[in-house]
Amino acid sequence: MSKNFQTIREQIENILTIALEPQFLEVIDDSDSHIGHAGHNGKGESHFKVKLTSAHFENLSRLQRHQLVYASLADVMPMIHALQISAKTPSE
């Protein structure tokens, strides 16, 4: 399926799966919790929570882990208003 026909949540899942090879990945569309707030355009898919566990985070600080996730999602970030990240190593 072309990414043009995927939801933003599906795009996030696909990109992070390829880029970071997570042992665990959960992407939650939390947009409905933000109806009426800044950044919610009424169409949904604006606010997300990402929880992932990946060996790619070994020896990286919390900031570096977040930067790696943001860099991986660079193509879809313009469509996202808010992204909450929980990034852990397999040993955590």
# chains A, B, ... in the order shown; residues from 1 in each chain; ligands from 1
>>> select_by_dssp(residues="chain A", states="alpha helix (DSSP H)", output="number ranges by chain")
A: 8-20, 62-72
>>> write_last_selection(atoms="N, CA and C atoms", output="short mmCIF file (atom, residue, chain, number, x, y, z; two decimals), in the first residue's frame")
data_model
loop_
_atom_site.label_atom_id
_atom_site.label_comp_id
_atom_site.auth_asym_id
_atom_site.auth_seq_id
_atom_site.Cartn_x
_atom_site.Cartn_y
_atom_site.Cartn_z
N ILE A 8 -1.69 8.36 9.33
CA ILE A 8 -0.42 8.83 9.90
C ILE A 8 0.08 7.81 10.91
N ARG A 9 -0.82 7.25 11.69
CA ARG A 9 -0.42 6.23 12.67
C ARG A 9 0.27 5.06 11.97
N GLU A 10 -0.29 4.59 10.86
CA GLU A 10 0.31 3.49 10.12
C GLU A 10 1.68 3.88 9.55
N GLN A 11 1.79 5.10 9.08
CA GLN A 11 3.08 5.57 8.57
C GLN A 11 4.12 5.59 9.67
N ILE A 12 3.74 6.08 10.86
CA ILE A 12 4.66 6.10 12.00
C ILE A 12 5.12 4.68 12.31
N GLU A 13 4.17 3.75 12.38
CA GLU A 13 4.51 2.35 12.68
C GLU A 13 5.46 1.77 11.64
N ASN A 14 5.17 1.98 10.38
CA ASN A 14 6.00 1.43 9.31
C ASN A 14 7.41 2.02 9.33
N ILE A 15 7.50 3.32 9.46
CA ILE A 15 8.80 3.99 9.46
C ILE A 15 9.65 3.53 10.64
N LEU A 16 9.07 3.51 11.84
CA LEU A 16 9.85 3.12 13.02
C LEU A 16 10.22 1.64 12.99
N THR A 17 9.36 0.81 12.44
CA THR A 17 9.67 -0.61 12.32
C THR A 17 10.90 -0.82 11.44
N ILE A 18 10.95 -0.11 10.33
CA ILE A 18 12.08 -0.24 9.40
C ILE A 18 13.34 0.41 9.98
N ALA A 19 13.21 1.61 10.51
CA ALA A 19 14.37 2.38 10.96
C ALA A 19 14.99 1.87 12.25
N LEU A 20 14.14 1.46 13.21
CA LEU A 20 14.66 1.15 14.55
C LEU A 20 14.49 -0.30 14.98
N ARG A 62 18.46 9.98 26.92
CA ARG A 62 17.04 10.16 26.60
C ARG A 62 16.86 11.14 25.44
N LEU A 63 17.61 12.24 25.48
CA LEU A 63 17.55 13.23 24.42
C LEU A 63 17.97 12.63 23.08
N GLN A 64 19.05 11.88 23.06
CA GLN A 64 19.53 11.27 21.82
C GLN A 64 18.52 10.25 21.27
N ARG A 65 17.85 9.54 22.15
CA ARG A 65 16.83 8.59 21.72
C ARG A 65 15.67 9.32 21.04
N HIS A 66 15.24 10.41 21.66
CA HIS A 66 14.15 11.20 21.08
C HIS A 66 14.57 11.80 19.74
N GLN A 67 15.80 12.28 19.67
CA GLN A 67 16.30 12.84 18.42
C GLN A 67 16.32 11.79 17.32
N LEU A 68 16.66 10.56 17.66
CA LEU A 68 16.68 9.47 16.69
C LEU A 68 15.27 9.17 16.19
N VAL A 69 14.30 9.17 17.08
CA VAL A 69 12.91 8.95 16.68
C VAL A 69 12.44 10.10 15.78
N TYR A 70 12.69 11.33 16.19
CA TYR A 70 12.30 12.49 15.37
C TYR A 70 12.96 12.46 14.00
N ALA A 71 14.23 12.12 13.94
CA ALA A 71 14.94 12.05 12.66
C ALA A 71 14.34 10.97 11.77
N SER A 72 13.99 9.85 12.37
CA SER A 72 13.37 8.76 11.61
C SER A 72 12.03 9.18 11.02
#
>>> residues_around(residues="Leu25 in chain A", least_positions_apart="2", cutoff="8 Å", atoms="only C-alpha atoms", output="PyMOL selection string")
chain A and resi 13+17+22-23+27+50-53
>>> closest_residue(among="A:Leu60, A:Asp29, A:Ala55, A:Phe24", to="His81 in chain A", atoms="only C-alpha atoms")
A:Asp29
>>> closest_residue(among="A:Ser31, A:Gln6, A:Ser46, A:Thr89", to="Ser61 in chain A", atoms="only C-alpha atoms")
A:Thr89
>>> closest_residue(among="A:Glu58, A:Glu45, A:Glu26, A:Glu21", to="Pro78 in chain A", atoms="only C-alpha atoms")
A:Glu45
>>> select_by_dssp(residues="chain A", states="strand (DSSP E or B)", output="list in words")
Phe24, Leu25, Glu26, Val27, Ile28, Asp29, His47, Phe48, Lys49, Val50, Lys51, Leu52, Thr53, Ala82, Leu83, Gln84, Ile85, Ser86, Ala87 and Lys88 of chain A
>>> closest_residue(among="A:Asp75, A:Ile28, A:Ser54, A:Asn59", to="Ala87 in chain A", atoms="only C-alpha atoms")
A:Ser54
>>> atom_distance(atom1="CA of His56 in chain A", atom2="CA of Leu83 in chain A")
19.3 Å
>>> atom_distance(atom1="CA of Lys49 in chain A", atom2="CA of Ile85 in chain A")
6.0 Å
>>> decode(residues="range 58-76 of chain A", atoms="N, CA, C and O atoms", output="short mmCIF file (atom, residue, chain, number, x, y, z; two decimals), in the first residue's frame")
data_model
loop_
_atom_site.label_atom_id
_atom_site.label_comp_id
_atom_site.auth_asym_id
_atom_site.auth_seq_id
_atom_site.Cartn_x
_atom_site.Cartn_y
_atom_site.Cartn_z
N GLU A 58 20.63 1.67 22.77
CA GLU A 58 21.72 1.33 23.70
C GLU A 58 22.76 2.46 23.71
O GLU A 58 23.14 2.99 22.67
N ASN A 59 23.19 2.83 24.89
CA ASN A 59 24.24 3.84 25.11
C ASN A 59 23.85 5.24 24.62
O ASN A 59 24.74 6.08 24.41
N LEU A 60 22.56 5.50 24.44
CA LEU A 60 22.10 6.83 24.07
C LEU A 60 21.36 7.46 25.24
O LEU A 60 20.65 6.77 25.97
N SER A 61 21.51 8.76 25.40
CA SER A 61 20.77 9.48 26.43
C SER A 61 19.30 9.56 26.00
O SER A 61 18.95 9.27 24.85
N ARG A 62 18.46 9.98 26.92
CA ARG A 62 17.04 10.16 26.60
C ARG A 62 16.86 11.14 25.44
O ARG A 62 16.09 10.91 24.52
N LEU A 63 17.61 12.24 25.48
CA LEU A 63 17.55 13.23 24.42
C LEU A 63 17.97 12.63 23.08
O LEU A 63 17.30 12.83 22.05
N GLN A 64 19.05 11.88 23.06
CA GLN A 64 19.53 11.27 21.82
C GLN A 64 18.52 10.25 21.27
O GLN A 64 18.35 10.14 20.07
N ARG A 65 17.85 9.54 22.15
CA ARG A 65 16.83 8.59 21.72
C ARG A 65 15.67 9.32 21.04
O ARG A 65 15.21 8.91 19.98
N HIS A 66 15.24 10.41 21.66
CA HIS A 66 14.15 11.20 21.08
C HIS A 66 14.57 11.80 19.74
O HIS A 66 13.79 11.81 18.78
N GLN A 67 15.80 12.28 19.67
CA GLN A 67 16.30 12.84 18.42
C GLN A 67 16.32 11.79 17.32
O GLN A 67 16.00 12.08 16.16
N LEU A 68 16.66 10.56 17.66
CA LEU A 68 16.68 9.47 16.69
C LEU A 68 15.27 9.17 16.19
O LEU A 68 15.06 8.97 14.99
N VAL A 69 14.30 9.17 17.08
CA VAL A 69 12.91 8.95 16.68
C VAL A 69 12.44 10.10 15.78
O VAL A 69 11.87 9.85 14.70
N TYR A 70 12.69 11.33 16.19
CA TYR A 70 12.30 12.49 15.37
C TYR A 70 12.96 12.46 14.00
O TYR A 70 12.32 12.73 12.98
N ALA A 71 14.23 12.12 13.94
CA ALA A 71 14.94 12.05 12.66
C ALA A 71 14.34 10.97 11.77
O ALA A 71 14.17 11.16 10.56
N SER A 72 13.99 9.85 12.37
CA SER A 72 13.37 8.76 11.61
C SER A 72 12.03 9.18 11.02
O SER A 72 11.65 8.75 9.93
N LEU A 73 11.30 10.00 11.75
CA LEU A 73 9.95 10.42 11.35
C LEU A 73 9.93 11.77 10.63
O LEU A 73 8.87 12.38 10.47
N ALA A 74 11.07 12.22 10.15
CA ALA A 74 11.18 13.56 9.55
C ALA A 74 10.14 13.81 8.46
O ALA A 74 9.60 14.92 8.36
N ASP A 75 9.82 12.82 7.65
CA ASP A 75 8.86 13.02 6.56
C ASP A 75 7.43 13.22 7.03
O ASP A 75 6.64 13.87 6.34
N VAL A 76 7.07 12.65 8.18
CA VAL A 76 5.69 12.79 8.66
C VAL A 76 5.53 13.83 9.77
O VAL A 76 4.42 14.22 10.09
#
